[in-house]
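Source file structure.pdb; content: PDB, C-alpha atoms and all ligand atoms.
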```pdb
ATOM      1  CA  PRO C1395      96.314 119.894 102.910
ATOM      2  CA  ALA C1396      99.157 117.367 103.086
ATOM      3  CA  PRO C1397     100.539 116.866 106.598
ATOM      4  CA  ARG C1398     103.821 118.613 107.297
ATOM      5  CA  THR C1399     104.538 117.897 110.940
ATOM      6  CA  VAL C1400     104.484 114.236 111.861
ATOM      7  CA  LEU C1401     105.053 112.565 115.218
ATOM      8  CA  LEU C1402     107.115 109.384 114.770
ATOM      9  CA  THR C1403     106.733 107.072 117.782
ATOM     10  CA  GLY C1404     109.263 104.283 118.247
ATOM     11  CA  ALA C1405     111.830 106.493 116.540
ATOM     12  CA  ALA C1406     114.800 104.838 118.284
ATOM     13  CA  GLY C1407     113.921 101.402 116.887
ATOM     14  CA  GLY C1408     115.045  99.676 113.728
ATOM     15  CA  LEU C1409     112.189 100.826 111.524
ATOM     16  CA  GLY C1410     112.018 104.201 113.273
ATOM     17  CA  THR C1411     115.684 104.832 112.525
ATOM     18  CA  LEU C1412     115.225 103.905 108.862
ATOM     19  CA  MET C1413     112.152 106.154 108.583
ATOM     20  CA  ARG C1414     113.618 109.148 110.405
ATOM     21  CA  ASN C1415     116.405 109.065 107.833
ATOM     22  CA  LEU C1416     114.159 108.582 104.769
ATOM     23  CA  LEU C1417     110.975 110.581 105.450
ATOM     24  CA  PRO C1418     112.421 114.115 105.637
ATOM     25  CA  ALA C1419     113.117 113.861 101.852
ATOM     26  CA  PHE C1420     109.316 113.813 101.367
ATOM     27  CA  GLY C1421     109.105 117.199 103.073
ATOM     28  CA  TYR C1422     108.018 116.187 106.566
ATOM     29  CA  GLY C1423     109.170 117.782 109.747
ATOM     30  CA  LEU C1424     109.445 114.926 112.241
ATOM     31  CA  ARG C1425     108.925 115.024 115.979
ATOM     32  CA  LEU C1426     110.491 111.909 117.485
ATOM     33  CA  LEU C1427     109.299 109.934 120.500
ATOM     34  CA  ASP C1428     110.677 106.809 122.142
ATOM     35  CA  VAL C1429     111.095 105.435 125.640
ATOM     36  CA  ARG C1430     114.784 105.144 124.781
ATOM     37  CA  PRO C1431     116.760 108.354 124.260
ATOM     38  CA  ILE C1432     117.583 109.306 120.683
ATOM     39  CA  GLU C1433     121.074 110.608 120.237
ATOM     40  CA  GLY C1434     121.579 113.539 117.929
ATOM     41  CA  ASP C1435     118.098 115.024 118.287
ATOM     42  CA  PRO C1436     117.856 117.287 121.326
ATOM     43  CA  ASP C1437     114.165 117.891 120.571
ATOM     44  CA  ALA C1438     113.252 114.200 120.690
ATOM     45  CA  VAL C1439     110.711 113.278 123.348
ATOM     46  CA  THR C1440     111.903 110.537 125.683
ATOM     47  CA  ALA C1441     108.687 109.133 127.123
ATOM     48  CA  ASP C1442     106.848 105.892 127.738
ATOM     49  CA  LEU C1443     103.459 105.511 126.049
ATOM     50  CA  ALA C1444     102.168 104.777 129.567
ATOM     51  CA  ASP C1445     102.778 108.444 130.474
ATOM     52  CA  ARG C1446      99.511 109.980 129.272
ATOM     53  CA  LYS C1447     100.525 113.551 130.035
ATOM     54  CA  ALA C1448     103.768 113.239 128.076
ATOM     55  CA  VAL C1449     101.989 111.529 125.188
ATOM     56  CA  ARG C1450      99.367 114.255 125.043
ATOM     57  CA  GLU C1451     102.055 116.952 124.959
ATOM     58  CA  ALA C1452     103.916 115.037 122.235
ATOM     59  CA  VAL C1453     100.900 114.876 119.912
ATOM     60  CA  ARG C1454      99.917 118.511 120.423
ATOM     61  CA  GLY C1455     100.174 120.496 117.197
ATOM     62  CA  VAL C1456     101.199 117.694 114.833
ATOM     63  CA  ASP C1457      99.293 117.074 111.598
ATOM     64  CA  ALA C1458      99.623 113.285 111.726
ATOM     65  CA  ILE C1459     101.268 110.425 113.599
ATOM     66  CA  ILE C1460     103.239 107.389 112.455
ATOM     67  CA  HIS C1461     102.866 104.959 115.343
ATOM     68  CA  LEU C1462     105.719 102.458 115.498
ATOM     69  CA  ALA C1463     106.381 102.334 119.248
ATOM     70  CA  GLY C1464     105.794  99.084 121.048
ATOM     71  CA  ILE C1465     107.108  95.590 121.546
ATOM     72  CA  SER C1466     107.915  94.194 118.133
ATOM     73  CA  LEU C1467     108.186  90.458 118.825
ATOM     74  CA  GLU C1468     106.437  87.887 120.991
ATOM     75  CA  ALA C1469     106.604  88.652 124.717
ATOM     76  CA  PRO C1470     104.754  87.830 127.950
ATOM     77  CA  PHE C1471     101.148  88.986 127.778
ATOM     78  CA  GLU C1472     101.539  91.572 130.572
ATOM     79  CA  LYS C1473     104.302  93.353 128.644
ATOM     80  CA  ILE C1474     102.284  93.345 125.421
ATOM     81  CA  LEU C1475      99.261  94.616 127.318
ATOM     82  CA  ALA C1476     101.117  97.636 128.678
ATOM     83  CA  ALA C1477     103.194  98.675 125.665
ATOM     84  CA  ASN C1478     101.060  97.693 122.682
ATOM     85  CA  ILE C1479      97.471  97.628 123.919
ATOM     86  CA  GLU C1480      97.323 100.310 126.623
ATOM     87  CA  GLY C1481     100.100 102.295 124.920
ATOM     88  CA  THR C1482      98.222 102.423 121.617
ATOM     89  CA  TYR C1483      95.015 103.334 123.441
ATOM     90  CA  ASN C1484      96.807 106.200 125.221
ATOM     91  CA  LEU C1485      98.115 107.484 121.888
ATOM     92  CA  TYR C1486      94.680 107.361 120.222
ATOM     93  CA  GLU C1487      93.063 109.125 123.172
ATOM     94  CA  ALA C1488      95.707 111.849 123.060
ATOM     95  CA  ALA C1489      95.236 112.213 119.291
ATOM     96  CA  ARG C1490      91.471 112.503 119.706
ATOM     97  CA  GLU C1491      91.791 115.075 122.480
ATOM     98  CA  GLU C1492      94.284 117.143 120.496
ATOM     99  CA  GLY C1493      92.374 116.893 117.210
ATOM    100  CA  VAL C1494      95.036 115.048 115.214
ATOM    101  CA  GLY C1495      93.392 113.898 111.995
ATOM    102  CA  ARG C1496      95.322 110.794 110.965
ATOM    103  CA  ILE C1497      97.442 107.982 112.336
ATOM    104  CA  VAL C1498      99.494 105.508 110.327
ATOM    105  CA  PHE C1499      99.566 102.431 112.533
ATOM    106  CA  ALA C1500     102.340  99.829 112.287
ATOM    107  CA  SER C1501     100.231  96.710 112.338
ATOM    108  CA  SER C1502     101.869  93.443 111.373
ATOM    109  CA  ASN C1503     101.477  90.344 109.278
ATOM    110  CA  HIS C1504     101.236  88.586 112.668
ATOM    111  CA  ALA C1505      97.648  89.878 113.068
ATOM    112  CA  VAL C1506      96.870  87.277 110.383
ATOM    113  CA  GLY C1507      99.903  85.083 111.038
ATOM    114  CA  PHE C1508      97.971  81.812 111.380
ATOM    115  CA  THR C1509      96.630  82.151 107.835
ATOM    116  CA  PRO C1510      98.101  79.407 105.642
ATOM    117  CA  ARG C1511     100.552  80.896 103.175
ATOM    118  CA  PRO C1512      99.539  80.570  99.503
ATOM    119  CA  GLN C1513     101.148  77.673  97.685
ATOM    120  CA  GLY C1514     101.206  76.936  93.965
ATOM    121  CA  ASN C1515      98.400  78.792  92.214
ATOM    122  CA  ASP C1516      96.546  79.748  95.426
ATOM    123  CA  PRO C1517      95.183  83.313  95.368
ATOM    124  CA  LEU C1518      96.973  86.083  97.235
ATOM    125  CA  ILE C1519      95.698  86.728 100.788
ATOM    126  CA  PRO C1520      93.277  89.705 100.821
ATOM    127  CA  VAL C1521      93.171  92.320 103.606
ATOM    128  CA  ASP C1522      89.703  91.132 104.644
ATOM    129  CA  THR C1523      90.875  87.622 105.422
ATOM    130  CA  PRO C1524      89.720  86.755 108.979
ATOM    131  CA  ARG C1525      92.223  87.856 111.586
ATOM    132  CA  ARG C1526      94.220  84.928 112.959
ATOM    133  CA  PRO C1527      96.920  86.217 115.322
ATOM    134  CA  ASP C1528      99.881  83.895 115.797
ATOM    135  CA  THR C1529     101.119  85.376 119.107
ATOM    136  CA  PHE C1530     100.048  87.747 121.905
ATOM    137  CA  TYR C1531     102.056  90.229 119.833
ATOM    138  CA  GLY C1532      99.873  89.593 116.768
ATOM    139  CA  LEU C1533      96.806  89.820 119.003
ATOM    140  CA  SER C1534      97.888  93.321 120.054
ATOM    141  CA  LYS C1535      98.085  94.339 116.384
ATOM    142  CA  SER C1536      94.600  92.920 115.830
ATOM    143  CA  PHE C1537      93.465  95.069 118.785
ATOM    144  CA  GLY C1538      95.164  98.109 117.271
ATOM    145  CA  GLU C1539      93.288  97.638 113.997
ATOM    146  CA  ASP C1540      89.975  97.402 115.878
ATOM    147  CA  LEU C1541      90.855 100.444 117.973
ATOM    148  CA  ALA C1542      91.560 102.333 114.752
ATOM    149  CA  GLN C1543      88.176 101.298 113.346
ATOM    150  CA  LEU C1544      86.423 102.472 116.529
ATOM    151  CA  TYR C1545      88.143 105.863 116.478
ATOM    152  CA  TRP C1546      87.198 106.318 112.818
ATOM    153  CA  ASP C1547      83.552 105.299 113.270
ATOM    154  CA  LYS C1548      83.048 107.161 116.527
ATOM    155  CA  HIS C1549      85.397 110.139 116.336
ATOM    156  CA  GLY C1550      86.328 110.607 112.669
ATOM    157  CA  LEU C1551      90.020 110.007 113.384
ATOM    158  CA  GLU C1552      91.496 108.375 110.271
ATOM    159  CA  THR C1553      93.987 105.493 110.266
ATOM    160  CA  VAL C1554      95.893 103.506 107.712
ATOM    161  CA  SER C1555      96.804 100.196 109.370
ATOM    162  CA  VAL C1556      99.876  98.829 107.629
ATOM    163  CA  ARG C1557     100.338  95.085 108.138
ATOM    164  CA  ILE C1558     104.060  95.248 107.652
ATOM    165  CA  GLY C1559     105.845  92.150 106.381
ATOM    166  CA  SER C1560     109.567  92.499 107.157
ATOM    167  CA  CYS C1561     111.154  95.914 106.736
ATOM    168  CA  PHE C1562     114.912  95.574 106.976
ATOM    169  CA  PRO C1563     117.713  96.705 104.657
ATOM    170  CA  GLU C1564     117.854  93.242 103.032
ATOM    171  CA  PRO C1565     115.813  90.026 103.207
ATOM    172  CA  THR C1566     117.654  87.504 105.393
ATOM    173  CA  SER C1567     115.412  84.411 105.144
ATOM    174  CA  VAL C1568     113.533  82.509 102.463
ATOM    175  CA  ARG C1569     110.225  83.559 104.059
ATOM    176  CA  MET C1570     111.288  87.186 103.818
ATOM    177  CA  LEU C1571     111.534  86.834 100.031
ATOM    178  CA  SER C1572     107.720  86.827 100.079
ATOM    179  CA  ILE C1573     107.082  89.529 102.695
ATOM    180  CA  TRP C1574     110.061  91.900 102.451
ATOM    181  CA  MET C1575     109.436  95.642 102.333
ATOM    182  CA  SER C1576     112.547  97.548 101.342
ATOM    183  CA  PRO C1577     113.116 100.634 103.507
ATOM    184  CA  ALA C1578     112.668 102.854 100.425
ATOM    185  CA  ASP C1579     109.313 101.227  99.651
ATOM    186  CA  GLY C1580     108.405 101.547 103.334
ATOM    187  CA  ALA C1581     108.956 105.295 103.147
ATOM    188  CA  ARG C1582     106.894 105.434  99.922
ATOM    189  CA  LEU C1583     104.066 103.543 101.583
ATOM    190  CA  PHE C1584     104.061 105.709 104.724
ATOM    191  CA  HIS C1585     104.066 108.803 102.506
ATOM    192  CA  ALA C1586     101.089 107.458 100.533
ATOM    193  CA  ALA C1587      99.289 106.621 103.786
ATOM    194  CA  LEU C1588      99.851 110.152 105.089
ATOM    195  CA  THR C1589      98.692 111.919 101.933
ATOM    196  CA  ALA C1590      95.880 109.866 100.322
ATOM    197  CA  ASP C1591      92.439 111.451 100.580
ATOM    198  CA  ASN C1592      89.592 110.046 102.663
ATOM    199  CA  VAL C1593      91.186 106.899 104.009
ATOM    200  CA  GLY C1594      88.700 106.393 106.860
ATOM    201  CA  HIS C1595      90.186 103.246 108.335
ATOM    202  CA  THR C1596      92.072 101.445 105.580
ATOM    203  CA  VAL C1597      94.020  98.220 106.084
ATOM    204  CA  VAL C1598      96.929  97.499 103.745
ATOM    205  CA  TYR C1599      99.760  95.004 103.567
ATOM    206  CA  GLY C1600     103.217  96.527 103.621
ATOM    207  CA  SER C1601     105.743  94.972 101.295
ATOM    208  CA  SER C1602     107.673  95.517  98.107
ATOM    209  CA  ALA C1603     106.541  94.176  94.719
ATOM    210  CA  ASN C1604     108.108  90.797  95.448
ATOM    211  CA  THR C1605     107.985  88.082  92.796
ATOM    212  CA  ARG C1606     107.076  85.595  95.577
ATOM    213  CA  LEU C1607     104.516  87.883  97.267
ATOM    214  CA  TRP C1608     101.912  86.166  99.506
ATOM    215  CA  TRP C1609      99.342  88.946  99.859
ATOM    216  CA  ASP C1610      97.326  91.438  97.901
ATOM    217  CA  LEU C1611      98.755  94.959  97.651
ATOM    218  CA  SER C1612      95.696  96.457  95.932
ATOM    219  CA  THR C1613      94.519  98.497  98.952
ATOM    220  CA  ALA C1614      98.047  99.876  99.349
ATOM    221  CA  ARG C1615      98.215 100.738  95.650
ATOM    222  CA  ALA C1616      94.823 102.451  95.937
ATOM    223  CA  LEU C1617      96.470 104.939  98.321
ATOM    224  CA  GLY C1618      98.915 105.838  95.547
ATOM    225  CA  TYR C1619     101.691 103.483  96.688
ATOM    226  CA  GLU C1620     103.888 102.282  93.830
ATOM    227  CA  PRO C1621     106.466  99.813  95.134
ATOM    228  CA  GLN C1622     109.774  99.917  93.275
ATOM    229  CA  ASP C1623     111.657  96.990  94.779
ATOM    230  CA  ASP C1624     111.546  93.176  94.574
ATOM    231  CA  SER C1625     113.392  90.695  96.800
ATOM    232  CA  GLU C1626     114.034  88.317  93.889
ATOM    233  CA  PRO C1627     117.728  89.224  93.373
ATOM    234  CA  TYR C1628     118.347  87.794  96.873
ATOM    235  CA  ALA C1629     116.496  84.518  96.192
ATOM    236  CA  GLU C1630     119.139  82.298  94.679
ATOM    237  CA  LYS C1631     121.674  82.789  97.463
ATOM    238  CA  LEU C1632     119.151  82.584 100.321
ATOM    239  CA  ILE C1633     117.642  79.355  98.974
ATOM    240  CA  ALA C1634     121.089  77.857  98.338
ATOM    241  CA  ASP C1635     122.169  78.714 101.897
ATOM    242  CA  GLN C1636     118.950  77.877 103.799
ATOM    243  CA  GLY C1637     116.993  75.481 101.568
ATOM    244  CA  ASP C1638     113.524  76.227 100.205
ATOM    245  CA  LEU C1639     110.408  76.404 102.416
ATOM    246  CA  ASP C1640     109.458  72.936 103.689
ATOM    247  CA  PRO C1641     105.693  72.244 103.408
ATOM    248  CA  ASP C1642     105.951  69.793 106.348
ATOM    249  CA  ASP C1643     107.491  72.336 108.729
ATOM    250  CA  ILE C1644     104.894  74.265 110.768
ATOM    251  CA  ALA C1645     107.248  77.272 110.868
ATOM    252  CA  HIS C1646     107.081  77.379 107.044
ATOM    253  CA  THR C1647     103.340  76.777 106.683
ATOM    254  CA  TYR C1648     101.691  80.035 107.755
ATOM    255  CA  LEU C1649     102.124  83.727 106.906
ATOM    256  CA  GLY C1650     103.613  84.309 110.354
ATOM    257  CA  GLY C1651     106.465  81.854 109.819
ATOM    258  CA  HIS C1652     108.365  80.915 112.973
ATOM    259  CA  PHE C1653     106.171  83.199 115.125
ATOM    260  CA  VAL C1654     103.546  80.427 115.215
ATOM    261  CA  ASN C1655     105.756  78.571 117.698
ATOM    262  CA  ASP C1656     107.949  81.316 119.130
ATOM    263  CA  PRO C1657     108.009  81.447 122.946
ATOM    264  CA  PRO C1658     107.398  84.786 124.699
ATOM    265  CA  ILE C1659     111.048  85.585 125.344
ATOM    266  CA  TRP C1660     111.212  89.370 124.853
ATOM    267  CA  PRO C1661     113.884  90.366 127.364
ATOM    268  CA  TYR C1662     112.692  93.813 128.462
TER
HETATM  269  P1  LIG C1701     111.915  97.920 117.418
HETATM  270  O1  LIG C1701     111.697  96.984 118.563
HETATM  271  O2  LIG C1701     113.272  98.035 116.835
HETATM  272  O3  LIG C1701     111.420  99.382 117.805
HETATM  273  C1  LIG C1701     110.322  99.641 118.640
HETATM  274  C2  LIG C1701     110.605 100.899 119.411
HETATM  275  O4  LIG C1701     109.488 101.169 120.264
HETATM  276  C3  LIG C1701     111.848 100.773 120.311
HETATM  277  O5  LIG C1701     112.774 101.805 120.041
HETATM  278  C4  LIG C1701     111.286 100.857 121.712
HETATM  279  O6  LIG C1701     112.151 101.538 122.630
HETATM  280  C5  LIG C1701     110.002 101.631 121.495
HETATM  281  N1  LIG C1701     109.026 101.348 122.555
HETATM  282  C6  LIG C1701     108.657 100.139 123.037
HETATM  283  N2  LIG C1701     107.766 100.282 124.014
HETATM  284  C7  LIG C1701     107.564 101.606 124.174
HETATM  285  C8  LIG C1701     106.753 102.374 125.042
HETATM  286  N3  LIG C1701     105.980 101.792 125.981
HETATM  287  N4  LIG C1701     106.787 103.708 124.943
HETATM  288  C9  LIG C1701     107.590 104.318 124.012
HETATM  289  N5  LIG C1701     108.371 103.631 123.161
HETATM  290  C10 LIG C1701     108.361 102.297 123.231
HETATM  291  O7  LIG C1701     110.864  97.448 116.298
HETATM  292  P2  LIG C1701     110.821  97.830 114.752
HETATM  293  O8  LIG C1701     111.278  96.672 113.980
HETATM  294  O9  LIG C1701     111.459  99.140 114.541
HETATM  295  O10 LIG C1701     109.239  97.949 114.529
HETATM  296  C11 LIG C1701     108.560  99.172 114.700
HETATM  297  C12 LIG C1701     107.056  98.914 114.697
HETATM  298  O11 LIG C1701     106.674  98.297 113.491
HETATM  299  C13 LIG C1701     106.597  97.991 115.821
HETATM  300  O12 LIG C1701     105.322  98.410 116.263
HETATM  301  C14 LIG C1701     106.496  96.650 115.141
HETATM  302  O13 LIG C1701     105.543  95.822 115.797
HETATM  303  C15 LIG C1701     106.034  97.058 113.758
HETATM  304  N6  LIG C1701     106.441  96.096 112.748
HETATM  305  C16 LIG C1701     107.740  96.050 112.323
HETATM  306  C17 LIG C1701     108.121  95.157 111.351
HETATM  307  C18 LIG C1701     109.495  95.178 110.787
HETATM  308  O14 LIG C1701     109.729  94.479 109.820
HETATM  309  N7  LIG C1701     110.442  95.942 111.312
HETATM  310  C19 LIG C1701     107.164  94.187 110.807
HETATM  311  C20 LIG C1701     105.816  94.325 111.316
HETATM  312  C21 LIG C1701     105.482  95.260 112.232
HETATM  313  C1  LIG C1702     107.186  91.645 112.841
HETATM  314  O1  LIG C1702     106.071  91.984 113.168
HETATM  315  C2  LIG C1702     108.380  92.041 113.633
HETATM  316  O2  LIG C1702     108.209  93.259 114.305
HETATM  317  C3  LIG C1702     109.639  92.079 112.787
HETATM  318  O3  LIG C1702     110.764  92.159 113.655
HETATM  319  C4  LIG C1702     109.769  90.884 111.874
HETATM  320  O4  LIG C1702     110.029  89.757 112.642
HETATM  321  C5  LIG C1702     108.499  90.672 111.054
HETATM  322  O5  LIG C1702     107.319  90.772 111.816
HETATM  323  C6  LIG C1702     108.445  89.318 110.339
HETATM  324  O6  LIG C1702     107.382  88.714 110.295
HETATM  325  O7  LIG C1702     109.468  88.903 109.790
END
```
What is this file in structure tokens?
Ligand code: NAI
Ligand code: 15L
Amino acid sequence: PAPRTVLLTGAAGGLGTLMRNLLPAFGYGLRLLDVRPIEGDPDAVTADLADRKAVREAVRGVDAIIHLAGISLEAPFEKILAANIEGTYNLYEAAREEGVGRIVFASSNHAVGFTPRPQGNDPLIPVDTPRRPDTFYGLSKSFGEDLAQLYWDKHGLETVSVRIGSCFPEPTSVRMLSIWMSPADGARLFHAALTADNVGHTVVYGSSANTRLWWDLSTARALGYEPQDDSEPYAEKLIADQGDLDPDDIAHTYLGGHFVNDPPIWPY
């Protein structure tokens, strides 16, 4: 049966806020969790993923989990270790103990961020391209994908790992023209990931049907995802304002864009 009750971790964040507004229209009842309080939802769980007891209580009784919580940019390794690596482990352990059947994991393009972006007639990047993290952050997403594989092989806990491009209301850079996922397409993809049969551990890229797409959406489409949006209407203005991608600029050369030389400056 399709999941009805879904735990949304990271619900106070940018993507979490978009999804908690969009997903109820698909019929889900959402339980929200974040380390930051969520105004307007007295039932939201305010807890750190480090708090195993709180995490276990939060997963109890849900049909599935959308796991967005964590540090979402480059940061010092110790911070990434606690929030993204140990935090994701704590969530998977809680899900296993409570018998939750499926997790949709917010992986990232930065798990493969040091892959050269396609140019000219180069083929789209497939999901089985070797992982090449561009940051400690991307490394934590690579870990999350491996953790998901382990929990499928060993415990039968299913995951769809979504290597999200950039999910914001509008694309704001030339790179984002290639990797943008509109919030509406994001909700469609999460819905497909929650409802497709027999996903085992499936890795997909998360983006809209962009004219300038860099990667292969076939595994996402195989879940039943049908993207409706394309960043192309934003292209002319963004390129006029910012200039086109420069093949000699390292920050324009790889899938991960500027992350390949971002310092670990996350402030928290
Ligand atoms: P965000 O930084 O706005 O939200 C992350 C949320 O996680 C925050 O509300 C934060 O309080 C919470 N959080 C952090 N550490 C926590 C912990 N230890 N325990 C409980 N909650 C914790 O990030 P955004 O953009 O909403 O991204 C959500 C997820 O999607 C992240 O995992 C990010 O890596 C991933 N992602 C997002 C992309 C995007 O385009 N927005 C692209 C690729 C991946
Ligand atoms: C990510 O993984 C980040 O969480 C998000 O904030 C964006 O920066 C996105 O990647 C991107 O690559 O643009």
Next item on the list: Take the PyMOL selection byres (((not hetatm)) within 7 of (chain C and resi 1702)), apply it to the structure above, and return the hits as a PyMOL selection string.
Entry: chain C and resi 1466-1467+1502-1504+1558-1560+1570+1650-1651
Margin query: Which residues, named as in the file, does the PyMOL selection byres (((not hetatm)) within 7 of (chain C and resi 1701)) pick out? Answer as a PyMOL selection string.
Written below: chain C and resi 1403-1410+1427-1430+1441-1444+1462-1467+1476-1477+1481+1500-1503+1557-1562
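Within 8 Å of the point (96.1, 86.1, 112.2), counting all atoms listed in the file, the protein and nucleic acid residues come to Asn1503, His1504, Ala1505, Val1506, Gly1507, Phe1508, Thr1509, Pro1524, Arg1525, Arg1526, Pro1527, Asp1528, Gly1532, Leu1533, Ser1536 and Gly1650 of chain C.
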Take the residues from that selection and write them out as a CSV table (one decimal), in the coordinates of the input, keeping C-alpha atoms.
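The resulting file, again30.csv, is shown below:
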```
chain,number,residue,atom,x,y,z
C,1503,ASN,CA,101.5,90.3,109.3
C,1504,HIS,CA,101.2,88.6,112.7
C,1505,ALA,CA,97.6,89.9,113.1
C,1506,VAL,CA,96.9,87.3,110.4
C,1507,GLY,CA,99.9,85.1,111.0
C,1508,PHE,CA,98.0,81.8,111.4
C,1509,THR,CA,96.6,82.2,107.8
C,1524,PRO,CA,89.7,86.8,109.0
C,1525,ARG,CA,92.2,87.9,111.6
C,1526,ARG,CA,94.2,84.9,113.0
C,1527,PRO,CA,96.9,86.2,115.3
C,1528,ASP,CA,99.9,83.9,115.8
C,1532,GLY,CA,99.9,89.6,116.8
C,1533,LEU,CA,96.8,89.8,119.0
C,1536,SER,CA,94.6,92.9,115.8
C,1650,GLY,CA,103.6,84.3,110.4
```
Note to self: Applying 9 Å and all atoms listed in the file, which residues near Phe1471 in chain C remain after dropping the ones on its own chain fewer than 3 positions away? List them as a list in words.
What the structure shows: Glu1468, Ile1474, Leu1475, Ala1476, Phe1530, Tyr1531 and Pro1658 of chain C
Draw an axis-aligned box tight on the listed atoms of range 1637-1652 of chain C, then pad every side by 6 Å and write out centre and edge lengths in Å to one decimal as AutoDock Vina command-line options.
```
--center_x 109.3 --center_y 77.1 --center_z 106.6 --size_x 27.3 --size_y 26.5 --size_z 24.8
```
Starting from the PyMOL selection byres (((chain C and resi 1645) around 12) and not hetatm), expand the selection into actual residues of this file and give them as an mmCIF file with C-alpha atoms, in the coordinates of the input.
```
data_model
loop_
_atom_site.group_PDB
_atom_site.id
_atom_site.type_symbol
_atom_site.label_atom_id
_atom_site.label_comp_id
_atom_site.auth_asym_id
_atom_site.auth_seq_id
_atom_site.Cartn_x
_atom_site.Cartn_y
_atom_site.Cartn_z
ATOM 1 C CA GLY C 1507 99.903 85.083 111.038
ATOM 2 C CA PHE C 1508 97.971 81.812 111.380
ATOM 3 C CA PRO C 1510 98.101 79.407 105.642
ATOM 4 C CA ARG C 1511 100.552 80.896 103.175
ATOM 5 C CA ASP C 1528 99.881 83.895 115.797
ATOM 6 C CA VAL C 1568 113.533 82.509 102.463
ATOM 7 C CA ARG C 1569 110.225 83.559 104.059
ATOM 8 C CA LEU C 1639 110.408 76.404 102.416
ATOM 9 C CA ASP C 1640 109.458 72.936 103.689
ATOM 10 C CA PRO C 1641 105.693 72.244 103.408
ATOM 11 C CA ASP C 1642 105.951 69.793 106.348
ATOM 12 C CA ASP C 1643 107.491 72.336 108.729
ATOM 13 C CA ILE C 1644 104.894 74.265 110.768
ATOM 14 C CA HIS C 1646 107.081 77.379 107.044
ATOM 15 C CA THR C 1647 103.340 76.777 106.683
ATOM 16 C CA TYR C 1648 101.691 80.035 107.755
ATOM 17 C CA LEU C 1649 102.124 83.727 106.906
ATOM 18 C CA GLY C 1650 103.613 84.309 110.354
ATOM 19 C CA GLY C 1651 106.465 81.854 109.819
ATOM 20 C CA HIS C 1652 108.365 80.915 112.973
ATOM 21 C CA PHE C 1653 106.171 83.199 115.125
ATOM 22 C CA VAL C 1654 103.546 80.427 115.215
ATOM 23 C CA ASN C 1655 105.756 78.571 117.698
ATOM 24 C CA ASP C 1656 107.949 81.316 119.130
#
```
Notebook entry, point to check: CA of Glu1487 in chain C and CA of Val1400 in chain C are how many Å apart?
Noted result: 16.9 Å
Using all atoms listed in the file, which residues of range 1495-1526 of chain C come within 7 Å of range 1592-1611 of chain C, and what is the closest atom pair for each, with the distance in Å to one decimal? Give it as a Markdown table, sorted by chain and residue number.
```
| residue | atom | partner | partner_atom | distance |
| --- | --- | --- | --- | --- |
| C:Arg1511 | CA | C:Trp1608 | CA | 6.6 |
| C:Pro1512 | CA | C:Trp1608 | CA | 6.1 |
| C:Leu1518 | CA | C:Trp1609 | CA | 4.5 |
| C:Ile1519 | CA | C:Trp1609 | CA | 4.4 |
| C:Pro1520 | CA | C:Asp1610 | CA | 5.3 |
| C:Val1521 | CA | C:Val1598 | CA | 6.4 |
```
Next item on the list: Extract, using all atoms listed in the file, all DNA, RNA and protein residues at most 10 Å from Asp1435 in chain C, discarding same-chain residues fewer than 4 positions from it, and format them as a count of residues only.
Entry: 4
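As for CA of Met1413 in chain C and CA of Phe1584 in chain C, they are spaced 9.0 Å apart.
The residue that comes closest to His1549 in chain C, out of C:Lys1535, C:Arg1615, C:His1585, C:Arg1490 and on the basis of all atoms listed in the file, is C:Arg1490.
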Check: Interatomic distance between CA of Val1494 in chain C and CA of Glu1433 in chain C?
Finding: 26.9 Å
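Remark: for Thr1613 in chain C, the closest of the candidate residues C:Ala1458, C:Ala1448, C:Ala1419, C:Ala1590 is C:Ala1590 (distances computed over only C-alpha atoms).
The environment of Phe1420 in chain C within 10 Å, counting only C-alpha atoms and disregarding residues fewer than 4 places along the same chain, consists of Arg1398, Leu1416, Ala1581, Arg1582 and His1585 of chain C.
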Next item on the list: Excluding Leu1583 in chain C and residues on its chain fewer than 3 positions from it, collect all residues at most 10 Å away from it, counting only C-alpha atoms, and give them as a PyMOL selection string.
Entry: chain C and resi 1556+1575+1577-1580+1586-1589+1598-1602+1614-1615+1617-1621
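For the set C:Ala1396, C:Leu1541, C:Ala1488, C:Leu1424, the residue with the smallest atom-to-atom gap to Glu1451 in chain C is C:Ala1488, counting only C-alpha atoms.
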Would you fill the gaps in range 1450-1455 of chain C so it has N, CA and C atoms, then print it as a CSV table (one decimal), keeping the file's coordinate frame?
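Contents of the output file part38.csv:
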```csv
chain,number,residue,atom,x,y,z
C,1450,ARG,N,100.2,113.2,125.5
C,1450,ARG,CA,99.4,114.3,125.0
C,1450,ARG,C,100.2,115.5,124.6
C,1451,GLU,N,101.2,115.8,125.4
C,1451,GLU,CA,102.1,117.0,125.0
C,1451,GLU,C,102.8,116.7,123.6
C,1452,ALA,N,103.2,115.4,123.5
C,1452,ALA,CA,103.9,115.0,122.2
C,1452,ALA,C,103.0,115.1,121.0
C,1453,VAL,N,101.8,114.8,121.1
C,1453,VAL,CA,100.9,114.9,119.9
C,1453,VAL,C,100.4,116.3,119.6
C,1454,ARG,N,100.5,117.2,120.6
C,1454,ARG,CA,99.9,118.5,120.4
C,1454,ARG,C,100.5,119.2,119.2
C,1455,GLY,N,99.7,119.7,118.3
C,1455,GLY,CA,100.2,120.5,117.2
C,1455,GLY,C,100.7,119.7,116.0
```
